Each structure stands twice: as structure tokens, then as C-alpha cells.
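Source file: work36.txt (compact mmCIF, C-alpha atoms)
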# COMPACT_ATOMS: atom_id res chain seq x y z
CA MET L 419 -76.31 17.08 115.87
CA ASN L 420 -72.97 15.98 114.42
CA LEU L 421 -71.97 12.74 116.23
CA THR L 422 -68.27 13.68 116.44
CA PHE L 423 -69.15 17.06 117.94
CA ALA L 424 -71.51 15.37 120.40
CA LYS L 425 -68.82 12.93 121.56
CA ARG L 426 -66.29 15.75 121.90
CA THR L 427 -68.71 17.85 123.93
CA PHE L 428 -69.70 14.91 126.14
CA CYS L 429 -66.08 14.08 126.99
CA ILE L 430 -65.14 17.67 127.82
CA LEU L 431 -68.21 18.06 130.02
CA LEU L 432 -67.49 14.72 131.70
CA VAL L 433 -63.98 15.78 132.70
CA MET L 434 -65.30 19.13 133.96
CA ILE L 435 -68.10 17.49 135.97
CA LEU L 436 -65.81 14.93 137.59
CA ASN L 437 -63.32 17.60 138.58
CA PHE L 438 -66.19 19.73 139.93
CA ILE L 439 -67.26 16.75 142.05
CA THR L 440 -63.69 16.56 143.39
CA VAL L 441 -63.78 20.16 144.60
CA ASN L 442 -67.09 19.62 146.37
CA ALA L 443 -65.99 16.29 147.82
CA GLU L 444 -63.06 17.92 149.55
CA THR L 445 -65.34 20.35 151.38
CA GLY L 446 -66.29 17.45 153.64
CA VAL L 447 -69.78 16.63 152.35
CA VAL L 448 -70.80 13.24 153.79
CA LEU L 449 -73.98 11.48 152.75
CA LYS L 450 -76.01 9.17 154.94
CA LYS L 451 -73.95 6.14 155.77
CA ASP L 452 -74.73 3.24 153.48
CA SER L 453 -75.40 -0.13 155.04
CA ILE L 454 -72.33 -2.29 154.70
CA HIS L 455 -72.60 -5.67 152.99
CA SER L 456 -72.11 -8.54 155.38
CA GLU L 457 -69.44 -10.39 153.38
CA LEU L 458 -67.32 -9.58 150.36
CA LYS L 459 -67.55 -11.94 147.39
CA ASP L 460 -65.32 -12.49 144.39
CA ILE L 461 -65.51 -14.65 141.28
CA VAL L 462 -63.87 -17.58 143.09
CA ASP L 463 -66.63 -17.58 145.72
CA ILE L 464 -69.26 -17.64 142.97
CA LEU L 465 -67.60 -20.51 141.10
CA GLN L 466 -67.09 -22.50 144.29
CA GLY L 467 -70.77 -22.13 145.13
CA GLY L 468 -71.96 -22.97 141.63
CA PHE L 469 -69.74 -26.01 141.06
CA LYS L 470 -69.66 -27.23 144.67
CA THR L 471 -65.88 -27.34 144.66
CA HIS L 472 -62.93 -25.73 146.41
CA LEU L 473 -60.82 -23.48 144.18
CA ARG L 474 -58.68 -22.10 147.00
CA LYS L 475 -57.73 -22.83 150.57
CA ASP L 476 -59.98 -22.00 153.46
CA PRO L 477 -59.39 -18.32 154.35
CA LYS L 478 -58.33 -19.33 157.88
CA SER L 479 -55.41 -21.30 156.44
CA LEU L 480 -54.24 -18.55 154.07
CA ASN L 481 -51.00 -16.78 154.86
CA GLY L 482 -52.09 -13.27 155.75
CA ASN L 483 -49.28 -11.81 153.65
CA GLY L 484 -50.22 -13.69 150.49
CA PRO L 485 -49.34 -14.18 147.74
CA PHE L 486 -52.83 -13.62 146.32
CA LEU L 487 -52.92 -14.72 142.68
CA SER L 488 -55.49 -13.75 140.06
CA ILE L 489 -55.31 -15.23 136.55
CA ILE L 490 -57.91 -15.06 133.80
CA PRO L 491 -58.19 -15.40 130.01
CA VAL L 492 -59.95 -12.47 128.33
CA VAL L 493 -61.06 -11.59 124.82
CA GLY L 494 -61.25 -8.02 123.54
CA TYR L 495 -61.42 -5.91 120.43
CA SER L 496 -59.80 -2.70 119.27
CA LEU L 497 -59.28 -0.95 115.95
CA GLN L 498 -55.54 -1.54 116.21
CA SER L 499 -55.52 -5.22 117.13
CA GLY L 500 -58.88 -6.56 116.03
CA LEU L 501 -60.02 -9.55 118.07
CA THR L 502 -57.44 -10.17 120.79
CA GLY L 503 -57.00 -13.01 123.29
CA ALA L 504 -55.00 -12.54 126.45
CA ILE L 505 -53.91 -14.27 129.61
CA VAL L 506 -53.64 -11.67 132.36
CA THR L 507 -52.25 -12.33 135.84
CA ASN L 508 -51.88 -10.30 139.00
CA THR L 509 -49.96 -11.46 142.05
CA SER L 510 -50.22 -9.29 145.18
CA PHE L 511 -48.50 -9.77 148.51
CA TYR L 512 -47.16 -8.05 151.60
CA THR L 513 -43.47 -8.13 152.47
CA ASP L 514 -43.99 -7.23 156.14
CA ASN L 515 -46.27 -8.47 158.90
CA ASN L 516 -47.61 -4.96 159.49
CA LYS L 517 -49.24 -5.08 156.03
CA THR L 518 -48.06 -1.57 155.24
CA ARG L 519 -48.37 -1.67 151.44
CA PHE L 520 -49.30 -4.25 148.85
CA SER L 521 -46.58 -5.28 146.42
CA ASN L 522 -47.73 -6.60 143.06
CA LEU L 523 -46.53 -8.28 139.89
CA LEU L 524 -48.52 -8.06 136.66
CA VAL L 525 -47.60 -10.53 133.90
CA ASN L 526 -49.69 -10.57 130.72
CA GLY L 527 -49.53 -12.25 127.31
CA TYR L 528 -51.52 -11.24 124.20
CA TYR L 529 -52.19 -12.49 120.68
CA SER L 530 -54.37 -10.75 118.09
CA GLN L 531 -56.10 -11.69 114.85
CA TYR L 532 -53.60 -9.45 113.03
CA HIS L 533 -50.78 -11.75 114.23
CA GLN L 534 -49.51 -9.30 116.80
CA TYR L 535 -48.17 -10.82 119.98
CA TRP L 536 -46.70 -9.17 123.02
CA PHE L 537 -45.74 -9.90 126.61
CA THR L 538 -45.52 -7.48 129.52
CA ALA L 539 -44.25 -7.75 133.10
CA ASN L 540 -44.69 -4.86 135.52
CA SER L 541 -43.49 -5.06 139.12
CA ASN L 542 -44.05 -2.79 142.09
CA ILE L 543 -42.36 -4.30 145.15
CA PHE L 544 -41.83 -2.81 148.59
CA PHE L 545 -39.25 -4.13 151.07
CA GLU L 546 -40.50 -2.25 154.10
CA LYS L 547 -37.79 -3.49 156.47
CA TYR L 548 -35.03 -2.07 154.27
CA LYS L 549 -37.02 0.96 153.02
CA ILE L 550 -36.44 -0.19 149.43
CA HIS L 551 -38.96 0.04 146.58
CA LEU L 552 -38.34 -1.72 143.25
CA VAL L 553 -40.23 -0.73 140.09
CA GLY L 554 -39.84 -2.72 136.87
CA ASP L 555 -41.27 -2.54 133.37
CA SER L 556 -40.23 -5.26 130.92
CA ARG L 557 -41.96 -6.03 127.64
CA TYR L 558 -41.49 -7.65 124.26
CA TYR L 559 -43.59 -6.83 121.19
CA ASN L 560 -43.78 -8.30 117.71
CA PHE L 561 -46.16 -5.75 116.40
CA PRO L 562 -47.47 -5.02 112.91
CA THR L 563 -49.63 -1.95 113.45
CA GLU L 564 -50.33 1.55 112.12
CA THR L 565 -48.89 4.99 112.75
CA PHE L 566 -50.47 8.33 111.95
CA GLY L 567 -47.66 10.89 112.00
CA LEU L 568 -46.93 13.75 114.37
CA GLY L 569 -49.36 16.16 115.99
CA THR L 570 -53.11 16.20 116.52
CA ASP L 571 -54.23 17.02 112.97
CA SER L 572 -53.92 13.48 111.60
CA LYS L 573 -56.91 11.43 110.47
CA LEU L 574 -57.55 7.69 110.61
CA SER L 575 -57.18 7.75 106.82
CA ASP L 576 -53.55 8.89 107.31
CA ALA L 577 -52.68 5.47 108.75
CA LEU L 578 -49.37 3.99 107.59
CA ASP L 579 -48.66 0.29 108.11
CA ILE L 580 -45.56 -0.30 110.20
CA LYS L 581 -43.95 -3.45 111.60
CA PHE L 582 -41.35 -3.75 114.33
CA SER L 583 -39.99 -5.84 117.15
CA TYR L 584 -39.56 -4.07 120.47
CA LEU L 585 -37.80 -4.76 123.76
CA ARG L 586 -38.18 -2.50 126.79
CA ILE L 587 -36.25 -2.93 130.02
CA SER L 588 -36.71 -0.46 132.85
CA GLN L 589 -35.59 -1.15 136.41
CA ILE L 590 -35.59 1.50 139.13
CA VAL L 591 -34.43 1.18 142.74
CA TYR L 592 -35.92 3.63 145.24
CA ARG L 593 -34.85 4.38 148.79
CA GLU L 594 -37.42 5.76 151.23
CA LEU L 595 -36.16 9.02 152.75
CA THR L 596 -39.15 9.67 154.96
CA LYS L 597 -42.69 8.36 155.17
CA SER L 598 -43.98 7.78 151.59
CA ILE L 599 -41.19 9.83 149.93
CA PHE L 600 -38.59 7.98 147.84
CA VAL L 601 -35.64 8.89 145.66
CA GLY L 602 -34.14 6.48 143.17
CA ALA L 603 -32.06 5.75 140.12
CA GLY L 604 -32.44 3.23 137.37
CA TYR L 605 -31.59 2.05 133.90
CA ASN L 606 -33.92 2.31 130.91
CA LEU L 607 -33.62 0.68 127.48
CA ASP L 608 -35.96 0.98 124.49
CA TYR L 609 -34.77 -1.11 121.54
CA HIS L 610 -36.68 -1.40 118.24
CA TRP L 611 -35.52 -3.53 115.32
CA ASN L 612 -36.85 -4.95 112.03
CA ILE L 613 -38.68 -1.65 111.47
CA THR L 614 -40.42 -1.66 108.09
CA THR L 615 -43.22 0.47 106.65
CA ASP L 616 -45.35 0.85 103.59
CA THR L 617 -43.97 3.22 100.99
CA ILE L 618 -47.22 5.13 100.55
CA GLN L 619 -46.35 8.83 100.43
CA GLY L 620 -48.19 11.03 102.89
CA LYS L 621 -48.04 12.82 106.22
CA ALA L 622 -47.29 9.72 108.32
CA LEU L 623 -44.36 8.57 106.18
CA THR L 624 -42.93 12.09 105.94
CA ASP L 625 -43.09 12.55 109.72
CA LEU L 626 -41.61 9.11 110.40
CA LYS L 627 -38.61 9.82 108.16
CA LYS L 628 -37.86 12.98 110.15
CA TYR L 629 -37.12 10.98 113.29
CA GLN L 630 -36.43 7.41 112.17
CA LYS L 631 -33.15 6.50 110.49
CA GLY L 632 -32.77 2.92 109.29
CA GLN L 633 -34.50 -0.23 110.52
CA ARG L 634 -33.49 -0.05 114.18
CA SER L 635 -33.33 2.43 117.02
CA VAL L 636 -31.87 2.42 120.51
CA SER L 637 -32.63 4.74 123.41
CA SER L 638 -30.48 3.88 126.41
CA GLY L 639 -30.08 5.94 129.55
CA ILE L 640 -30.10 6.22 133.29
CA SER L 641 -32.93 7.90 135.15
CA LEU L 642 -33.18 9.99 138.30
CA ASN L 643 -36.50 9.66 140.11
CA ILE L 644 -38.49 11.24 142.93
CA LEU L 645 -41.58 9.39 144.17
CA PHE L 646 -44.36 10.07 146.65
CA ASP L 647 -46.78 7.21 147.25
CA ASN L 648 -49.06 6.84 150.28
CA ARG L 649 -51.52 4.42 148.65
CA LYS L 650 -51.88 1.14 150.49
CA ASN L 651 -52.89 -0.87 147.43
CA SER L 652 -51.66 0.32 144.04
CA VAL L 653 -53.75 -2.30 142.20
CA ASN L 654 -57.00 -0.75 143.42
CA PRO L 655 -56.39 2.47 145.40
CA GLU L 656 -59.27 3.70 147.55
CA LYS L 657 -57.59 6.87 148.81
CA GLY L 658 -54.24 8.59 148.86
CA SER L 659 -51.91 10.11 146.29
CA TYR L 660 -49.10 9.15 143.94
CA ALA L 661 -46.54 11.44 142.32
CA ASN L 662 -43.58 10.34 140.23
CA ILE L 663 -41.04 12.62 138.52
CA GLN L 664 -38.44 11.04 136.26
CA TYR L 665 -35.57 12.76 134.47
CA ARG L 666 -34.01 10.51 131.83
CA PRO L 667 -30.90 11.46 129.82
CA ASN L 668 -30.32 9.01 126.96
CA MET L 669 -26.64 8.92 126.06
CA THR L 670 -24.58 7.56 123.19
CA LEU L 671 -22.08 6.58 125.90
CA LEU L 672 -24.62 3.93 127.00
CA GLY L 673 -25.47 2.79 123.47
CA SER L 674 -28.21 5.28 122.58
CA ASP L 675 -28.39 6.34 118.93
CA THR L 676 -28.42 10.01 119.94
CA ASN L 677 -28.23 12.14 123.05
CA TRP L 678 -31.67 13.28 124.12
CA GLN L 679 -33.41 14.00 127.41
CA SER L 680 -36.94 13.56 128.68
CA LEU L 681 -38.97 14.51 131.74
CA LEU L 682 -41.93 12.40 132.89
CA VAL L 683 -44.42 13.62 135.50
CA ASP L 684 -47.14 11.22 136.72
CA LEU L 685 -49.68 12.54 139.29
CA ARG L 686 -52.66 10.62 140.73
CA HIS L 687 -55.14 11.32 143.53
CA TYR L 688 -57.96 9.23 144.99
CA ILE L 689 -60.93 10.42 147.04
CA LYS L 690 -63.69 8.36 148.62
CA PHE L 691 -66.91 10.10 147.54
CA PRO L 692 -69.15 10.03 149.44
CA GLU L 693 -66.76 9.44 152.34
CA SER L 694 -69.02 6.81 153.90
CA SER L 695 -69.30 4.76 150.69
CA GLY L 696 -67.01 2.47 148.71
CA ASN L 697 -67.12 4.80 145.70
CA VAL L 698 -63.88 6.43 144.56
CA LEU L 699 -63.15 9.49 142.45
CA ALA L 700 -59.77 9.04 140.76
CA LEU L 701 -57.76 11.78 139.01
CA TRP L 702 -54.73 11.32 136.78
CA ASN L 703 -52.34 13.86 135.25
CA TYR L 704 -49.58 12.52 133.01
CA TYR L 705 -46.91 14.54 131.18
CA ASN L 706 -44.01 13.38 129.01
CA PHE L 707 -41.76 16.14 127.69
CA THR L 708 -38.70 16.04 125.44
CA LEU L 709 -36.31 18.51 127.04
CA GLN L 710 -33.45 18.34 124.58
CA GLY L 711 -32.53 16.50 121.41
CA THR L 712 -34.75 14.39 119.17
CA PRO L 713 -35.94 10.89 120.13
CA PRO L 714 -36.35 8.10 117.54
CA TYR L 715 -39.85 8.08 116.08
CA LEU L 716 -41.04 5.01 118.01
CA ASP L 717 -39.72 6.47 121.30
CA THR L 718 -41.45 9.81 120.81
CA PRO L 719 -44.13 10.42 123.50
CA SER L 720 -47.40 8.95 122.32
CA VAL L 721 -50.90 8.01 123.44
CA GLY L 722 -51.01 4.50 124.91
CA TRP L 723 -47.26 3.99 125.32
CA ASP L 724 -47.01 4.73 129.04
CA ALA L 725 -45.67 2.00 131.35
CA TYR L 726 -49.02 0.18 131.56
CA SER L 727 -50.34 1.22 128.09
CA ASN L 728 -53.37 2.86 129.69
CA THR L 729 -53.37 6.50 128.54
CA GLY L 730 -55.97 7.44 125.97
CA ARG L 731 -58.76 4.91 126.44
CA GLY L 732 -60.82 5.40 123.31
CA TYR L 733 -57.77 5.48 121.02
CA VAL L 734 -55.32 2.92 119.72
CA PRO L 735 -51.75 3.21 121.07
CA GLY L 736 -49.77 5.56 118.87
CA ARG L 737 -52.84 7.37 117.55
CA TYR L 738 -51.34 10.75 118.50
CA THR L 739 -47.58 11.30 118.69
CA GLY L 740 -45.42 14.33 119.44
CA LYS L 741 -42.26 15.43 121.23
CA ASN L 742 -44.44 16.58 124.14
CA PHE L 743 -47.52 14.86 125.56
CA MET L 744 -50.01 16.20 128.14
CA TYR L 745 -52.85 14.10 129.55
CA LEU L 746 -55.67 14.38 132.09
CA GLU L 747 -58.18 11.70 133.06
CA SER L 748 -60.96 11.55 135.63
CA GLU L 749 -62.80 8.38 136.61
CA TYR L 750 -65.65 7.72 139.05
CA ARG L 751 -65.72 4.17 140.43
CA ILE L 752 -68.89 2.84 142.04
CA THR L 753 -69.90 -0.35 143.77
CA ILE L 754 -72.94 -1.95 142.12
CA SER L 755 -73.54 -5.13 144.13
CA ARG L 756 -73.67 -4.99 147.90
CA ASN L 757 -71.22 -7.88 148.21
CA GLY L 758 -68.57 -6.04 146.17
CA LEU L 759 -68.58 -8.51 143.27
CA LEU L 760 -69.71 -6.02 140.62
CA GLY L 761 -68.78 -2.40 140.10
CA GLY L 762 -68.84 0.21 137.37
CA VAL L 763 -66.92 3.26 136.18
CA ILE L 764 -67.47 6.31 134.02
CA PHE L 765 -64.40 8.13 132.70
CA GLY L 766 -63.32 11.02 130.55
CA ASN L 767 -59.92 12.13 129.31
CA ILE L 768 -58.33 14.96 127.37
CA GLU L 769 -54.89 14.98 125.75
CA ASN L 770 -52.58 17.08 123.66
CA VAL L 771 -49.38 16.36 121.73
CA PHE L 772 -47.17 19.01 120.17
CA GLN L 773 -43.66 19.58 118.85
CA LYS L 774 -42.93 23.02 120.31
CA TRP L 775 -44.58 25.14 122.98
CA SER L 776 -45.20 27.80 120.34
CA ASP L 777 -47.35 25.39 118.33
CA SER L 778 -51.13 25.69 118.37
CA HIS L 779 -52.63 23.38 120.99
CA THR L 780 -55.59 21.20 120.08
CA ILE L 781 -57.29 19.27 122.87
CA ILE L 782 -58.36 15.74 121.97
CA PRO L 783 -61.13 14.25 124.18
CA GLY L 784 -62.11 10.67 124.93
CA GLY L 785 -64.45 8.93 127.33
CA GLY L 786 -66.46 5.85 128.10
CA VAL L 787 -67.89 3.47 130.66
CA GLY L 788 -66.88 0.15 132.14
CA ILE L 789 -67.71 -2.67 134.49
CA ARG L 790 -65.62 -4.20 137.27
CA ILE L 791 -65.69 -7.84 138.39
CA LYS L 792 -63.98 -8.76 141.66
CA MET L 793 -61.39 -11.41 140.86
CA ASN L 794 -59.70 -11.59 144.25
CA LYS L 795 -61.26 -10.08 147.37
CA HIS L 796 -58.08 -10.55 149.43
CA SER L 797 -56.02 -8.26 147.17
CA ASN L 798 -59.10 -6.26 146.04
CA THR L 799 -58.21 -7.01 142.40
CA ASN L 800 -60.83 -6.26 139.74
CA LEU L 801 -61.13 -7.32 136.14
CA ALA L 802 -61.65 -4.02 134.31
CA ILE L 803 -63.66 -4.12 131.06
CA ASP L 804 -64.08 -0.69 129.46
CA TYR L 805 -65.64 0.63 126.29
CA GLY L 806 -63.93 3.84 125.23
CA PHE L 807 -64.49 6.17 122.31
CA GLY L 808 -62.85 9.25 120.85
CA VAL L 809 -63.15 11.60 117.91
CA GLY L 810 -62.95 10.54 114.31
CA GLY L 811 -64.57 7.14 114.86
CA SER L 812 -62.02 5.82 117.36
CA GLN L 813 -63.46 3.22 119.76
CA GLY L 814 -62.66 -0.12 121.33
CA LEU L 815 -62.81 -2.46 124.31
CA PHE L 816 -60.01 -2.21 126.85
CA PHE L 817 -59.08 -4.84 129.47
CA ASN L 818 -57.00 -4.66 132.65
CA LEU L 819 -56.50 -6.89 135.65
CA GLY L 820 -56.42 -4.17 138.28
CA GLU L 821 -57.58 -0.59 137.93
CA VAL L 822 -56.36 1.46 134.97
CA PHE L 823 -54.57 3.92 137.28
Take the structure in this file and express it as C-alpha cells.
Amino acid sequence: MNLTFAKRTFCILLVMILNFITVNAETGVVLKKDSIHSELKDIVDILQGGFKTHLRKDPKSLNGNGPFLSIIPVVGYSLQSGLTGAIVTNTSFYTDNNKTRFSNLLVNGYYSQYHQYWFTANSNIFFEKYKIHLVGDSRYYNFPTETFGLGTDSKLSDALDIKFSYLRISQIVYRELTKSIFVGAGYNLDYHWNITTDTIQGKALTDLKKYQKGQRSVSSGISLNILFDNRKNSVNPEKGSYANIQYRPNMTLLGSDTNWQSLLVDLRHYIKFPESSGNVLALWNYYNFTLQGTPPYLDTPSVGWDAYSNTGRGYVPGRYTGKNFMYLESEYRITISRNGLLGGVIFGNIENVFQKWSDSHTIIPGGGVGIRIKMNKHSNTNLAIDYGFGVGGSQGLFFNLGEVF
């Protein structure tokens, strides 16, 4: 059997099976209650036991609201970055004594063998007393990489070398209207400069020239947002739902190169399955549409360029690009060790990018497996190590501190 066809078939079946499990899980099937482990363990507990030392305060002396800090160096590999070293951190805390929802701050730094380096800071902070929710996404990239042109018909051999520096600033302030429902407004900036490419003629260069003018681009605009979020812990949700709708008009009045508008829809749902276990079935739908105008090439919706760079495990960021992007992922998360230290996941995703709704739509599948290592039992933070693969030989290792979605 052709290996590419086998991978494609496996990924499609995986998504179908996981969604079938969801339907059956919601009918209320409950398996025999599993015996609960007597005490949760994380990597700090293991190191303290092995080295006979104290790496954190006695739990009785910890402030119940945190902060709970996880920090770890990791090494990974992908087709885009080669061998990559990273320092990833996650700080979680409560802002109220009722421990309503975890707030968290993710700050990561990366350096690759291809001399790429980038820094990201993502914040998700709740001020329960004032019914305020702050969401931030800041990042800086110095990033020689590859681009493959528009649409889903590109091949890895179409790769065009491209270099750029990139600054993103996105800050949104939400106000809670009623339980778990927020409305908000924010400012969003995507600024690319020192954009240079190879001059090799081909599909990728032709497509890039359609949207990219000169060696810089600016997309600057406000955003209007509606959010529903009843998850208690966004770093590792065990149940609940998340829905975010963002309308973003980029305007020359605010410094944008052109006037263009986008609509982002991000939907997630989590189900304990079986109900009596610690296993979780997680579902993710993500859409990014260009409503009007033409974005700069590097701001065009693309695989792997969501806020946390997590769409499209199995593909390098930017592998598929188009004015409209549709994405679905399903993941089943299981507990392996009875003390919660080790876990595993199996996941599948499908995606589509296109220029116009009248275009033909080709579904691109991906999938893979991963392990989870409990880094901090107080915030329930896992180190996520995933192997993902896609069609055309795409594959790689993917790391996160916290669940992918």
C-alpha cells in the first residue's frame, strides 16, 4: 500500500473515530469506576525523592492561590527548524480566594540549528472581583524559513527560502456580562520587516509577489470579541467549553498597509470519557476567514500561525497558506500511571485552505501520538511531547508546556 495514502486514510479514520466516541460519550455511558491513585506525583516529587533534596516548599506552606511555576529546557526537531533548543515556562495562579479559574502566563524562548530564534509570551488572566479578563499574545521572531505558496496543491519541493523579522502585539480586554460570557475589544499589530527571499522562479515566488509588496508589511487594527469560557484550567482542561469569535478590521488609519478585515472563530469542547476516569476527549474547531480586502502574504491565514502556533501538528508552520483557513482536530488524552505522572495522547486533524469559496476544496490530514509528563501537580501542567506526521513526508516532534488546546 502507498505510504502516503495509508497515512491519509489513518488520519481521516482517526478523526472520524474520535468524533464517534464523542457522540457515544454524551449518551451517558459510564464504565466501572477506576480505583483512584492515593497521591498525585509530578516531576518535582520524583527529583526530590531521587536526589534527597527539597526543590519546593512543603505543600502546607504554599499559598493556595499560587503562583505555581513550571520551567524546563527541551530539545526537539522539525523539518522547518531542524534541531531546536527551548526554555519553556508556565506560571499559573488564582486571583481570588474562591479559586474560580486559573490564570496563566506562558513565556518561551527558542533557538534552532538554522539560526532561527524567537520569543513568545501568552497571557490569560482573570480578575474575578472586577469581572475582567485580559488576553495577550506578544512575540518576536528572527526567522529564516521556507514558504510554499498559496493553496493545498503545493509540494515540499516548491519550498522557497524566506527571511524576516516579526513583531506581534495583541492585547484584548474582556468584561464578563454573565457567567462565563465575555465581550471585549483590543488592539492587534502584525509587523514584518527585512523580508527577503530567493529569486528562484516558481509557484511560491509567484504567489508571494501577489500579496507582498516590498520588504516590510504592517497589519494594524482593533478587534471586537465575544468569548464563552467555562473551563476552570485553560492549561489542562478536563471538561467544559471555550468559544471565541473575533472580528478584526485592519485600517490604514491605524498604520496598516491596506484596509482588510478578518473573522476568527475558535471552538473547543472537553469531555471526560469514561466519566469516572481521568481520560479526556478534546475537540477543536478553528476558522480564520478573510472577509474583505487582501492581507500581506505573511499575515495570510496559515497552518501553525495561530496564537499558540499549535494548528497542524504534523506540518511546519506556513506549510499551507490561503485567504481562508478551516481546521478540525480531535485528541484523546489518557492517564498512564496511577499517580498521574505519565499520560499519553492520540490525535488526528484535518485542514483546508482556499482563496475563494468557489475554489475546489482539498482536505489535508495529519495525526500522531504523544506522551505527557506532569511538571506541576498543583496547576496540573504537563510537558507535551508529540510526534506528528502528514502527507508528502511531513513529520516532526512538537513540544508544549501545557496541553496543545
Who sits within 6 Å of stretch 728-737 of chain L, only C-alpha atoms, same chain under 2 positions skipped, as a PyMOL selection string: chain L and resi 498+720-722+726+784+806-808+812-813
For the selection you just gave me, I'd like the residues written to a file as a CSV table (one decimal), in the frame of the given file, keeping C-alpha atoms.
chain,number,residue,atom,x,y,z
L,498,GLN,CA,-55.5,-1.5,116.2
L,720,SER,CA,-47.4,9.0,122.3
L,721,VAL,CA,-50.9,8.0,123.4
L,722,GLY,CA,-51.0,4.5,124.9
L,726,TYR,CA,-49.0,0.2,131.6
L,784,GLY,CA,-62.1,10.7,124.9
L,806,GLY,CA,-63.9,3.8,125.2
L,807,PHE,CA,-64.5,6.2,122.3
L,808,GLY,CA,-62.8,9.2,120.8
L,812,SER,CA,-62.0,5.8,117.4
L,813,GLN,CA,-63.5,3.2,119.8
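Excluding stretch 743-755 of chain L and any residue on its chain fewer than 3 positions from it, the residues at most 6 Å away by all atoms listed in the file are L:Val433, L:Asn697, L:Val698, L:Leu699, L:Ala700, L:Leu701, L:Trp702, L:Asn703, L:Tyr704, L:Tyr705, L:Asn706, L:Pro719, L:Gly758, L:Leu760, L:Gly761, L:Gly762, L:Val763, L:Ile764, L:Phe765, L:Gly766, L:Asn767, L:Ile768, L:Glu769, L:Asn770, L:Val771.
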Distance query stretch 606-610 of chain L at most 9 Å, all atoms listed in the file, self and fewer than 4 positions along chain excluded, as a PyMOL selection string: chain L and resi 582-590+633-641+666+668+674+716-717
Tell me, as a short mmCIF file (atom, residue, chain, number, x, y, z; two decimals) with C-alpha atoms, in the coordinates of the input, which residues lie within 7 Å of L:Glu656, counting only C-alpha atoms; anything in the same chain fewer than 2 positions away does not count.
data_model
loop_
_atom_site.label_atom_id
_atom_site.label_comp_id
_atom_site.auth_asym_id
_atom_site.auth_seq_id
_atom_site.Cartn_x
_atom_site.Cartn_y
_atom_site.Cartn_z
CA ASN L 654 -57.00 -0.75 143.42
CA TYR L 688 -57.96 9.23 144.99
CA ILE L 689 -60.93 10.42 147.04
CA LYS L 690 -63.69 8.36 148.62
CA VAL L 698 -63.88 6.43 144.56
#
Cut-off 6 Å around (-53.8, -15.0, 136.2) with only C-alpha atoms: residues as a compact mmCIF listing (two decimals) with C-alpha atoms, in the coordinates of the input:
# COMPACT_ATOMS: atom_id res chain seq x y z
CA SER L 488 -55.49 -13.75 140.06
CA ILE L 489 -55.31 -15.23 136.55
CA ILE L 490 -57.91 -15.06 133.80
CA VAL L 506 -53.64 -11.67 132.36
CA THR L 507 -52.25 -12.33 135.84
CA ASN L 508 -51.88 -10.30 139.00
Two-atom distance - atom CA of L:Leu819, atom CA of L:Leu685 (Å): 20.9 Å
Shell around L:Leu759 at 7 Å using only C-alpha atoms, local window under 2 positions removed, as a ChimeraX atom specification: /L:459-460,755,757,761,791-792
Gap from atom CA of L:Val493 to atom CA of L:Val822 - Å, one decimal: 17.2 Å
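Atom CA of L:Tyr558 is positioned 23.9 Å from atom CA of L:Thr708.
With distances taken over all atoms listed in the file, L:Asn798 is the one residue among L:Asp616, L:Gly814, L:Asn798, L:Gln710 lying closest to L:Ser510.
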Please write out, as lines of an AutoDock Vina configuration file, where the centre of an axis-aligned box around all listed atoms of stretch 552-555 of chain L lies and how long its edges are, in Å to one decimal, after adding 8 Å on each side.
center_x = -39.8
center_y = -1.7
center_z = 138.3
size_x = 18.9
size_y = 18.0
size_z = 25.9
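Using only C-alpha atoms, the shortest contact distance between L:Lys573 and any of L:Pro491, L:Pro713, L:Gly673, L:Gly620 is found at L:Gly620.
Among the candidate residues L:Asn542, L:Val492, L:Thr565, L:Val462, the one lying nearest to L:Ile803 is L:Val492, with distances computed using all atoms listed in the file.
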